[in-house]
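Below is input.pdb, which holds PDB, N, CA and C atoms.
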ATOM      1  N   MET A   1       0.842  -1.186   0.000  1.00  0.00           N
ATOM      2  CA  MET A   1       0.000   0.000   0.000  1.00  0.00           C
ATOM      3  C   MET A   1       0.881   1.240   0.000  1.00  0.00           C
ATOM      4  N   THR A   2       0.530   2.201  -0.794  1.00  0.00           N
ATOM      5  CA  THR A   2       1.248   3.455  -0.862  1.00  0.00           C
ATOM      6  C   THR A   2       0.817   4.336   0.306  1.00  0.00           C
ATOM      7  N   ASP A   3       1.792   4.945   0.989  1.00  0.00           N
ATOM      8  CA  ASP A   3       1.457   5.866   2.071  1.00  0.00           C
ATOM      9  C   ASP A   3       1.222   7.245   1.488  1.00  0.00           C
ATOM     10  N   ILE A   4       0.009   7.723   1.598  1.00  0.00           N
ATOM     11  CA  ILE A   4      -0.365   9.027   1.087  1.00  0.00           C
ATOM     12  C   ILE A   4      -0.468   9.973   2.285  1.00  0.00           C
ATOM     13  N   PRO A   5       0.257  11.078   2.278  1.00  0.00           N
ATOM     14  CA  PRO A   5       0.232  11.979   3.431  1.00  0.00           C
ATOM     15  C   PRO A   5      -1.002  12.882   3.452  1.00  0.00           C
ATOM     16  N   ILE A   6      -2.162  12.272   3.458  1.00  0.00           N
ATOM     17  CA  ILE A   6      -3.421  13.013   3.514  1.00  0.00           C
ATOM     18  C   ILE A   6      -4.113  12.605   4.806  1.00  0.00           C
ATOM     19  N   ALA A   7      -4.330  13.555   5.687  1.00  0.00           N
ATOM     20  CA  ALA A   7      -5.040  13.268   6.936  1.00  0.00           C
ATOM     21  C   ALA A   7      -6.499  12.980   6.614  1.00  0.00           C
ATOM     22  N   VAL A   8      -7.021  11.901   7.187  1.00  0.00           N
ATOM     23  CA  VAL A   8      -8.411  11.533   6.933  1.00  0.00           C
ATOM     24  C   VAL A   8      -9.232  11.678   8.212  1.00  0.00           C
ATOM     25  N   ASP A   9     -10.484  12.034   8.034  1.00  0.00           N
ATOM     26  CA  ASP A   9     -11.405  12.176   9.154  1.00  0.00           C
ATOM     27  C   ASP A   9     -12.250  10.927   9.346  1.00  0.00           C
ATOM     28  N   ALA A  10     -12.392  10.134   8.275  1.00  0.00           N
ATOM     29  CA  ALA A  10     -13.166   8.894   8.346  1.00  0.00           C
ATOM     30  C   ALA A  10     -12.697   7.958   7.243  1.00  0.00           C
ATOM     31  N   GLU A  11     -12.858   6.669   7.488  1.00  0.00           N
ATOM     32  CA  GLU A  11     -12.515   5.654   6.485  1.00  0.00           C
ATOM     33  C   GLU A  11     -13.709   4.747   6.274  1.00  0.00           C
ATOM     34  N   LEU A  12     -13.877   4.307   5.036  1.00  0.00           N
ATOM     35  CA  LEU A  12     -14.959   3.400   4.670  1.00  0.00           C
ATOM     36  C   LEU A  12     -14.374   2.241   3.890  1.00  0.00           C
ATOM     37  N   ASP A  13     -14.622   1.035   4.357  1.00  0.00           N
ATOM     38  CA  ASP A  13     -14.187  -0.164   3.637  1.00  0.00           C
ATOM     39  C   ASP A  13     -15.388  -0.732   2.895  1.00  0.00           C
ATOM     40  N   ALA A  14     -15.403  -0.537   1.589  1.00  0.00           N
ATOM     41  CA  ALA A  14     -16.494  -1.026   0.751  1.00  0.00           C
ATOM     42  C   ALA A  14     -16.034  -2.229  -0.070  1.00  0.00           C
ATOM     43  N   SER A  15     -15.012  -2.913   0.415  1.00  0.00           N
ATOM     44  CA  SER A  15     -14.482  -4.094  -0.277  1.00  0.00           C
ATOM     45  C   SER A  15     -15.555  -5.171  -0.383  1.00  0.00           C
ATOM     46  N   GLY A  16     -15.598  -5.807  -1.550  1.00  0.00           N
ATOM     47  CA  GLY A  16     -16.551  -6.884  -1.776  1.00  0.00           C
ATOM     48  C   GLY A  16     -17.924  -6.430  -2.227  1.00  0.00           C
ATOM     49  N   LEU A  17     -18.165  -5.134  -2.228  1.00  0.00           N
ATOM     50  CA  LEU A  17     -19.465  -4.607  -2.647  1.00  0.00           C
ATOM     51  C   LEU A  17     -19.427  -4.254  -4.129  1.00  0.00           C
ATOM     52  N   SER A  18     -20.526  -4.529  -4.816  1.00  0.00           N
ATOM     53  CA  SER A  18     -20.636  -4.214  -6.238  1.00  0.00           C
ATOM     54  C   SER A  18     -21.353  -2.892  -6.439  1.00  0.00           C
ATOM     55  N   CYS A  19     -21.122  -2.300  -7.593  1.00  0.00           N
ATOM     56  CA  CYS A  19     -21.766  -1.067  -8.008  1.00  0.00           C
ATOM     57  C   CYS A  19     -23.276  -1.205  -7.843  1.00  0.00           C
ATOM     58  N   PRO A  20     -23.952  -0.259  -7.288  1.00  0.00           N
ATOM     59  CA  PRO A  20     -23.520   1.080  -6.876  1.00  0.00           C
ATOM     60  C   PRO A  20     -23.246   1.192  -5.370  1.00  0.00           C
ATOM     61  N   MET A  21     -23.139   0.083  -4.651  1.00  0.00           N
ATOM     62  CA  MET A  21     -23.039   0.123  -3.195  1.00  0.00           C
ATOM     63  C   MET A  21     -21.834   0.891  -2.643  1.00  0.00           C
ATOM     64  N   PRO A  22     -20.615   0.771  -3.212  1.00  0.00           N
ATOM     65  CA  PRO A  22     -19.515   1.570  -2.649  1.00  0.00           C
ATOM     66  C   PRO A  22     -19.812   3.073  -2.671  1.00  0.00           C
ATOM     67  N   LEU A  23     -20.386   3.524  -3.760  1.00  0.00           N
ATOM     68  CA  LEU A  23     -20.710   4.943  -3.880  1.00  0.00           C
ATOM     69  C   LEU A  23     -21.836   5.332  -2.928  1.00  0.00           C
ATOM     70  N   LEU A  24     -22.864   4.510  -2.823  1.00  0.00           N
ATOM     71  CA  LEU A  24     -23.973   4.828  -1.929  1.00  0.00           C
ATOM     72  C   LEU A  24     -23.512   4.891  -0.475  1.00  0.00           C
ATOM     73  N   LYS A  25     -22.669   3.958  -0.074  1.00  0.00           N
ATOM     74  CA  LYS A  25     -22.146   3.967   1.294  1.00  0.00           C
ATOM     75  C   LYS A  25     -21.252   5.185   1.530  1.00  0.00           C
ATOM     76  N   ALA A  26     -20.489   5.567   0.517  1.00  0.00           N
ATOM     77  CA  ALA A  26     -19.646   6.759   0.632  1.00  0.00           C
ATOM     78  C   ALA A  26     -20.506   8.017   0.773  1.00  0.00           C
ATOM     79  N   LYS A  27     -21.595   8.092   0.025  1.00  0.00           N
ATOM     80  CA  LYS A  27     -22.494   9.241   0.128  1.00  0.00           C
ATOM     81  C   LYS A  27     -23.065   9.357   1.531  1.00  0.00           C
ATOM     82  N   LEU A  28     -23.482   8.221   2.107  1.00  0.00           N
ATOM     83  CA  LEU A  28     -24.024   8.223   3.466  1.00  0.00           C
ATOM     84  C   LEU A  28     -22.967   8.671   4.479  1.00  0.00           C
ATOM     85  N   GLU A  29     -21.752   8.200   4.299  1.00  0.00           N
ATOM     86  CA  GLU A  29     -20.669   8.575   5.212  1.00  0.00           C
ATOM     87  C   GLU A  29     -20.347  10.060   5.073  1.00  0.00           C
ATOM     88  N   LEU A  30     -20.308  10.571   3.859  1.00  0.00           N
ATOM     89  CA  LEU A  30     -20.043  11.998   3.644  1.00  0.00           C
ATOM     90  C   LEU A  30     -21.132  12.861   4.272  1.00  0.00           C
ATOM     91  N   ASN A  31     -22.372  12.379   4.249  1.00  0.00           N
ATOM     92  CA  ASN A  31     -23.487  13.143   4.825  1.00  0.00           C
ATOM     93  C   ASN A  31     -23.287  13.416   6.311  1.00  0.00           C
ATOM     94  N   ARG A  32     -22.611  12.509   7.011  1.00  0.00           N
ATOM     95  CA  ARG A  32     -22.433  12.708   8.445  1.00  0.00           C
ATOM     96  C   ARG A  32     -21.160  13.485   8.788  1.00  0.00           C
ATOM     97  N   LEU A  33     -20.342  13.785   7.773  1.00  0.00           N
ATOM     98  CA  LEU A  33     -19.108  14.533   7.996  1.00  0.00           C
ATOM     99  C   LEU A  33     -19.315  16.026   7.768  1.00  0.00           C
ATOM    100  N   ALA A  34     -18.458  16.815   8.415  1.00  0.00           N
ATOM    101  CA  ALA A  34     -18.507  18.271   8.243  1.00  0.00           C
ATOM    102  C   ALA A  34     -17.881  18.655   6.907  1.00  0.00           C
ATOM    103  N   SER A  35     -18.252  19.810   6.421  1.00  0.00           N
ATOM    104  CA  SER A  35     -17.657  20.337   5.200  1.00  0.00           C
ATOM    105  C   SER A  35     -16.151  20.465   5.386  1.00  0.00           C
ATOM    106  N   GLY A  36     -15.396  20.036   4.378  1.00  0.00           N
ATOM    107  CA  GLY A  36     -13.941  20.076   4.445  1.00  0.00           C
ATOM    108  C   GLY A  36     -13.302  18.803   4.969  1.00  0.00           C
ATOM    109  N   ALA A  37     -14.112  17.908   5.517  1.00  0.00           N
ATOM    110  CA  ALA A  37     -13.595  16.641   6.044  1.00  0.00           C
ATOM    111  C   ALA A  37     -13.168  15.733   4.892  1.00  0.00           C
ATOM    112  N   VAL A  38     -12.223  14.840   5.184  1.00  0.00           N
ATOM    113  CA  VAL A  38     -11.706  13.926   4.164  1.00  0.00           C
ATOM    114  C   VAL A  38     -12.134  12.496   4.503  1.00  0.00           C
ATOM    115  N   LEU A  39     -12.703  11.840   3.508  1.00  0.00           N
ATOM    116  CA  LEU A  39     -13.123  10.440   3.614  1.00  0.00           C
ATOM    117  C   LEU A  39     -12.236   9.597   2.719  1.00  0.00           C
ATOM    118  N   LYS A  40     -11.693   8.527   3.289  1.00  0.00           N
ATOM    119  CA  LYS A  40     -10.917   7.563   2.504  1.00  0.00           C
ATOM    120  C   LYS A  40     -11.805   6.345   2.281  1.00  0.00           C
ATOM    121  N   VAL A  41     -11.957   5.949   1.028  1.00  0.00           N
ATOM    122  CA  VAL A  41     -12.790   4.802   0.668  1.00  0.00           C
ATOM    123  C   VAL A  41     -11.919   3.739   0.011  1.00  0.00           C
ATOM    124  N   THR A  42     -12.102   2.493   0.439  1.00  0.00           N
ATOM    125  CA  THR A  42     -11.441   1.355  -0.193  1.00  0.00           C
ATOM    126  C   THR A  42     -12.519   0.486  -0.812  1.00  0.00           C
ATOM    127  N   ALA A  43     -12.359   0.169  -2.096  1.00  0.00           N
ATOM    128  CA  ALA A  43     -13.346  -0.639  -2.817  1.00  0.00           C
ATOM    129  C   ALA A  43     -12.614  -1.695  -3.648  1.00  0.00           C
ATOM    130  N   THR A  44     -13.362  -2.697  -4.098  1.00  0.00           N
ATOM    131  CA  THR A  44     -12.798  -3.730  -4.962  1.00  0.00           C
ATOM    132  C   THR A  44     -13.473  -3.757  -6.328  1.00  0.00           C
ATOM    133  N   ASP A  45     -14.502  -2.962  -6.504  1.00  0.00           N
ATOM    134  CA  ASP A  45     -15.249  -2.927  -7.761  1.00  0.00           C
ATOM    135  C   ASP A  45     -14.549  -1.993  -8.759  1.00  0.00           C
ATOM    136  N   PRO A  46     -14.093  -2.520  -9.910  1.00  0.00           N
ATOM    137  CA  PRO A  46     -13.421  -1.673 -10.901  1.00  0.00           C
ATOM    138  C   PRO A  46     -14.289  -0.511 -11.385  1.00  0.00           C
ATOM    139  N   GLY A  47     -15.606  -0.695 -11.389  1.00  0.00           N
ATOM    140  CA  GLY A  47     -16.514   0.365 -11.817  1.00  0.00           C
ATOM    141  C   GLY A  47     -16.525   1.554 -10.874  1.00  0.00           C
ATOM    142  N   SER A  48     -15.954   1.376  -9.693  1.00  0.00           N
ATOM    143  CA  SER A  48     -15.940   2.472  -8.728  1.00  0.00           C
ATOM    144  C   SER A  48     -15.101   3.647  -9.223  1.00  0.00           C
ATOM    145  N   GLN A  49     -14.115   3.405 -10.075  1.00  0.00           N
ATOM    146  CA  GLN A  49     -13.306   4.504 -10.606  1.00  0.00           C
ATOM    147  C   GLN A  49     -14.173   5.519 -11.333  1.00  0.00           C
ATOM    148  N   ARG A  50     -14.963   5.034 -12.235  1.00  0.00           N
ATOM    149  CA  ARG A  50     -15.868   5.909 -12.995  1.00  0.00           C
ATOM    150  C   ARG A  50     -16.866   6.579 -12.056  1.00  0.00           C
ATOM    151  N   ASP A  51     -17.420   5.784 -11.137  1.00  0.00           N
ATOM    152  CA  ASP A  51     -18.442   6.300 -10.222  1.00  0.00           C
ATOM    153  C   ASP A  51     -17.910   7.425  -9.335  1.00  0.00           C
ATOM    154  N   PHE A  52     -16.754   7.213  -8.721  1.00  0.00           N
ATOM    155  CA  PHE A  52     -16.232   8.215  -7.795  1.00  0.00           C
ATOM    156  C   PHE A  52     -15.774   9.472  -8.510  1.00  0.00           C
ATOM    157  N   ARG A  53     -15.206   9.330  -9.685  1.00  0.00           N
ATOM    158  CA  ARG A  53     -14.801  10.521 -10.457  1.00  0.00           C
ATOM    159  C   ARG A  53     -16.019  11.367 -10.812  1.00  0.00           C
ATOM    160  N   SER A  54     -17.050  10.718 -11.329  1.00  0.00           N
ATOM    161  CA  SER A  54     -18.267  11.436 -11.719  1.00  0.00           C
ATOM    162  C   SER A  54     -18.970  12.038 -10.514  1.00  0.00           C
ATOM    163  N   PHE A  55     -19.078  11.261  -9.448  1.00  0.00           N
ATOM    164  CA  PHE A  55     -19.746  11.724  -8.233  1.00  0.00           C
ATOM    165  C   PHE A  55     -19.059  12.976  -7.681  1.00  0.00           C
ATOM    166  N   ALA A  56     -17.746  12.938  -7.581  1.00  0.00           N
ATOM    167  CA  ALA A  56     -17.016  14.089  -7.034  1.00  0.00           C
ATOM    168  C   ALA A  56     -17.274  15.334  -7.886  1.00  0.00           C
ATOM    169  N   ARG A  57     -17.202  15.176  -9.187  1.00  0.00           N
ATOM    170  CA  ARG A  57     -17.405  16.306 -10.095  1.00  0.00           C
ATOM    171  C   ARG A  57     -18.833  16.849  -9.983  1.00  0.00           C
ATOM    172  N   LEU A  58     -19.810  15.971 -10.006  1.00  0.00           N
ATOM    173  CA  LEU A  58     -21.213  16.402 -10.001  1.00  0.00           C
ATOM    174  C   LEU A  58     -21.666  16.942  -8.653  1.00  0.00           C
ATOM    175  N   ALA A  59     -21.153  16.372  -7.558  1.00  0.00           N
ATOM    176  CA  ALA A  59     -21.579  16.784  -6.222  1.00  0.00           C
ATOM    177  C   ALA A  59     -20.747  17.936  -5.671  1.00  0.00           C
ATOM    178  N   GLY A  60     -19.652  18.276  -6.364  1.00  0.00           N
ATOM    179  CA  GLY A  60     -18.826  19.382  -5.921  1.00  0.00           C
ATOM    180  C   GLY A  60     -17.775  19.008  -4.898  1.00  0.00           C
ATOM    181  N   HIS A  61     -17.627  17.712  -4.621  1.00  0.00           N
ATOM    182  CA  HIS A  61     -16.581  17.258  -3.709  1.00  0.00           C
ATOM    183  C   HIS A  61     -15.252  17.229  -4.461  1.00  0.00           C
ATOM    184  N   GLN A  62     -14.161  17.211  -3.713  1.00  0.00           N
ATOM    185  CA  GLN A  62     -12.844  17.183  -4.340  1.00  0.00           C
ATOM    186  C   GLN A  62     -12.239  15.791  -4.195  1.00  0.00           C
ATOM    187  N   LEU A  63     -11.931  15.165  -5.319  1.00  0.00           N
ATOM    188  CA  LEU A  63     -11.230  13.885  -5.313  1.00  0.00           C
ATOM    189  C   LEU A  63      -9.744  14.213  -5.193  1.00  0.00           C
ATOM    190  N   LEU A  64      -9.228  14.106  -3.963  1.00  0.00           N
ATOM    191  CA  LEU A  64      -7.850  14.503  -3.682  1.00  0.00           C
ATOM    192  C   LEU A  64      -6.836  13.562  -4.298  1.00  0.00           C
ATOM    193  N   HIS A  65      -7.158  12.273  -4.269  1.00  0.00           N
ATOM    194  CA  HIS A  65      -6.217  11.269  -4.763  1.00  0.00           C
ATOM    195  C   HIS A  65      -6.978   9.972  -4.981  1.00  0.00           C
ATOM    196  N   GLU A  66      -6.505   9.178  -5.919  1.00  0.00           N
ATOM    197  CA  GLU A  66      -7.024   7.825  -6.104  1.00  0.00           C
ATOM    198  C   GLU A  66      -5.859   6.931  -6.465  1.00  0.00           C
ATOM    199  N   GLU A  67      -5.964   5.671  -6.059  1.00  0.00           N
ATOM    200  CA  GLU A  67      -4.914   4.713  -6.394  1.00  0.00           C
ATOM    201  C   GLU A  67      -5.513   3.340  -6.580  1.00  0.00           C
ATOM    202  N   VAL A  68      -4.825   2.539  -7.378  1.00  0.00           N
ATOM    203  CA  VAL A  68      -5.214   1.151  -7.617  1.00  0.00           C
ATOM    204  C   VAL A  68      -3.998   0.303  -7.301  1.00  0.00           C
ATOM    205  N   GLU A  69      -4.215  -0.698  -6.463  1.00  0.00           N
ATOM    206  CA  GLU A  69      -3.109  -1.578  -6.100  1.00  0.00           C
ATOM    207  C   GLU A  69      -3.660  -2.934  -5.687  1.00  0.00           C
ATOM    208  N   GLY A  70      -3.226  -3.970  -6.375  1.00  0.00           N
ATOM    209  CA  GLY A  70      -3.609  -5.327  -6.011  1.00  0.00           C
ATOM    210  C   GLY A  70      -5.103  -5.575  -5.963  1.00  0.00           C
ATOM    211  N   GLY A  71      -5.841  -4.995  -6.887  1.00  0.00           N
ATOM    212  CA  GLY A  71      -7.292  -5.195  -6.919  1.00  0.00           C
ATOM    213  C   GLY A  71      -8.059  -4.320  -5.940  1.00  0.00           C
ATOM    214  N   LEU A  72      -7.354  -3.424  -5.246  1.00  0.00           N
ATOM    215  CA  LEU A  72      -8.013  -2.474  -4.346  1.00  0.00           C
ATOM    216  C   LEU A  72      -7.993  -1.085  -4.970  1.00  0.00           C
ATOM    217  N   TYR A  73      -9.111  -0.420  -4.870  1.00  0.00           N
ATOM    218  CA  TYR A  73      -9.264   0.939  -5.379  1.00  0.00           C
ATOM    219  C   TYR A  73      -9.463   1.837  -4.166  1.00  0.00           C
ATOM    220  N   ARG A  74      -8.614   2.845  -4.038  1.00  0.00           N
ATOM    221  CA  ARG A  74      -8.710   3.744  -2.881  1.00  0.00           C
ATOM    222  C   ARG A  74      -8.926   5.169  -3.367  1.00  0.00           C
ATOM    223  N   TYR A  75      -9.790   5.857  -2.637  1.00  0.00           N
ATOM    224  CA  TYR A  75     -10.161   7.237  -2.977  1.00  0.00           C
ATOM    225  C   TYR A  75     -10.126   8.103  -1.728  1.00  0.00           C
ATOM    226  N   TRP A  76      -9.618   9.301  -1.890  1.00  0.00           N
ATOM    227  CA  TRP A  76      -9.629  10.304  -0.828  1.00  0.00           C
ATOM    228  C   TRP A  76     -10.503  11.450  -1.308  1.00  0.00           C
ATOM    229  N   LEU A  77     -11.625  11.649  -0.647  1.00  0.00           N
ATOM    230  CA  LEU A  77     -12.596  12.675  -1.036  1.00  0.00           C
ATOM    231  C   LEU A  77     -12.694  13.748   0.038  1.00  0.00           C
ATOM    232  N   ARG A  78     -12.607  15.017  -0.360  1.00  0.00           N
ATOM    233  CA  ARG A  78     -12.857  16.111   0.570  1.00  0.00           C
ATOM    234  C   ARG A  78     -14.275  16.607   0.341  1.00  0.00           C
ATOM    235  N   LYS A  79     -15.050  16.614   1.424  1.00  0.00           N
ATOM    236  CA  LYS A  79     -16.447  17.018   1.317  1.00  0.00           C
ATOM    237  C   LYS A  79     -16.559  18.503   1.007  1.00  0.00           C
ATOM    238  N   ALA A  80     -17.445  18.827   0.091  1.00  0.00           N
ATOM    239  CA  ALA A  80     -17.691  20.233  -0.292  1.00  0.00           C
ATOM    240  C   ALA A  80     -18.285  21.013   0.871  1.00  0.00           C
TER
END
Mind turning the file's structure into structure tokens?
Amino acid sequence: MTDIPIAVDAELDASGLSCPMPLLKAKLELNRLASGAVLKVTATDPGSQRDFRSFARLAGHQLLHEEVEGGLYRYWLRKA
């Protein structure tokens, strides 16, 4: 795993979930966080790349970083 120097306020493990569940769970988690908070999401669904990129753009959140390693997809989202 790559060490990314981004402080996170919450983490969500959506491993094993298929589209659209990783995104839906991330939306619920973001709803309970304050504006400016960072959520780290780990998923195993390859479709999550498209979903998280589009979601961040459309919802106004900032996708700080994303990485793929060993079948794991990780996203760092800053809540708008």
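Taking atom CA of A:Ala37 as the reference point, atom CA of A:Leu63 is found at 11.9 Å.
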Next item on the list: Evaluate the PyMOL selection byres (((chain A and resi 69 and name CA) around 12) and name CA) and record the selected residues as number ranges by chain, following the chain and residue labels used in the document.
Entry: A: 1-3, 42-44, 46, 66-68, 70-75
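The neighbours of A:Asp51 here are the residues that come within 10 Å of it, using only C-alpha atoms and leaving out any residue fewer than 2 positions away in the same chain; they are Cys19, Pro20, Pro22, Leu23, Pro46, Gly47, Ser48, Gln49, Arg53, Ser54, Phe55 and Ala56 of chain A.
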Notebook entry, point to check: Do you know which residues are at most 8 Å from A:Lys25 counting all atoms listed in the file, after dropping those on the same chain fewer than 6 positions away, and could you put them as a list in words?
Noted result: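 The residues that qualify are Leu12, Ala14 and Asn31 of chain A.
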Check: Any chance you could work out the residue set of the PyMOL selection byres ((chain A and resi 7) around 8) here, as a count of residues only?
Finding: 10
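Between atom CA of A:Ser15 and atom CA of A:Leu58 lies a distance of 23.7 Å.
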Item checked: Closest of A:Val41, A:Trp76, A:Leu17, A:Ser35 to A:Leu64 - atom-to-atom distances counting only C-alpha atoms ->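 Smallest distance to A:Leu64 is found for A:Trp76.
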Next item on the list: Assign secondary structure with DSSP using the backbone only, and return the residues of stretch 26-63 of chain A in helix (DSSP H, G or I) as a list in words.
Entry: Ala26, Lys27, Leu28, Glu29, Leu30, Asn31, Ser48, Gln49, Arg50, Asp51, Phe52, Arg53, Ser54, Phe55, Ala56, Arg57, Leu58 and Ala59 of chain A
Just the selected residues (N, CA and C atoms), exported as a short mmCIF file (atom, residue, chain, number, x, y, z; two decimals), keeping the file's coordinate frame, please.
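Output saved as again-v2.cif:
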data_model
loop_
_atom_site.label_atom_id
_atom_site.label_comp_id
_atom_site.auth_asym_id
_atom_site.auth_seq_id
_atom_site.Cartn_x
_atom_site.Cartn_y
_atom_site.Cartn_z
N ALA A 26 -20.49 5.57 0.52
CA ALA A 26 -19.65 6.76 0.63
C ALA A 26 -20.51 8.02 0.77
N LYS A 27 -21.60 8.09 0.02
CA LYS A 27 -22.49 9.24 0.13
C LYS A 27 -23.06 9.36 1.53
N LEU A 28 -23.48 8.22 2.11
CA LEU A 28 -24.02 8.22 3.47
C LEU A 28 -22.97 8.67 4.48
N GLU A 29 -21.75 8.20 4.30
CA GLU A 29 -20.67 8.57 5.21
C GLU A 29 -20.35 10.06 5.07
N LEU A 30 -20.31 10.57 3.86
CA LEU A 30 -20.04 12.00 3.64
C LEU A 30 -21.13 12.86 4.27
N ASN A 31 -22.37 12.38 4.25
CA ASN A 31 -23.49 13.14 4.82
C ASN A 31 -23.29 13.42 6.31
N SER A 48 -15.95 1.38 -9.69
CA SER A 48 -15.94 2.47 -8.73
C SER A 48 -15.10 3.65 -9.22
N GLN A 49 -14.12 3.40 -10.07
CA GLN A 49 -13.31 4.50 -10.61
C GLN A 49 -14.17 5.52 -11.33
N ARG A 50 -14.96 5.03 -12.24
CA ARG A 50 -15.87 5.91 -13.00
C ARG A 50 -16.87 6.58 -12.06
N ASP A 51 -17.42 5.78 -11.14
CA ASP A 51 -18.44 6.30 -10.22
C ASP A 51 -17.91 7.42 -9.34
N PHE A 52 -16.75 7.21 -8.72
CA PHE A 52 -16.23 8.22 -7.80
C PHE A 52 -15.77 9.47 -8.51
N ARG A 53 -15.21 9.33 -9.68
CA ARG A 53 -14.80 10.52 -10.46
C ARG A 53 -16.02 11.37 -10.81
N SER A 54 -17.05 10.72 -11.33
CA SER A 54 -18.27 11.44 -11.72
C SER A 54 -18.97 12.04 -10.51
N PHE A 55 -19.08 11.26 -9.45
CA PHE A 55 -19.75 11.72 -8.23
C PHE A 55 -19.06 12.98 -7.68
N ALA A 56 -17.75 12.94 -7.58
CA ALA A 56 -17.02 14.09 -7.03
C ALA A 56 -17.27 15.33 -7.89
N ARG A 57 -17.20 15.18 -9.19
CA ARG A 57 -17.40 16.31 -10.10
C ARG A 57 -18.83 16.85 -9.98
N LEU A 58 -19.81 15.97 -10.01
CA LEU A 58 -21.21 16.40 -10.00
C LEU A 58 -21.67 16.94 -8.65
N ALA A 59 -21.15 16.37 -7.56
CA ALA A 59 -21.58 16.78 -6.22
C ALA A 59 -20.75 17.94 -5.67
#
Next item on the list: Mind giving me the straight-line distance from atom CA of A:Glu29 to atom N of A:Ala80 in Å, one decimal?
Entry: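 Separation of atom CA of A:Glu29 and atom N of A:Ala80: 11.9 Å.
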Note to self: Can you tell me, as a list in words, which residues in chain A count as strand (DSSP E) by DSSP?
What the structure shows: Ala10, Glu11, Leu12, Asp13, Ala14, Val38, Leu39, Lys40, Val41, Thr42, Ala43, Gln62, Leu63, Leu64, His65, Glu66, Glu67, Val68, Glu69, Leu72, Tyr73, Arg74, Tyr75, Trp76, Leu77 and Arg78 of chain A
Check: So what does the PyMOL selection byres (((chain A and resi 78 and name CA) around 6) and name CA) actually pick up in this one, as a ChimeraX atom specification?
Finding: /A:36-38,61-62,77,79
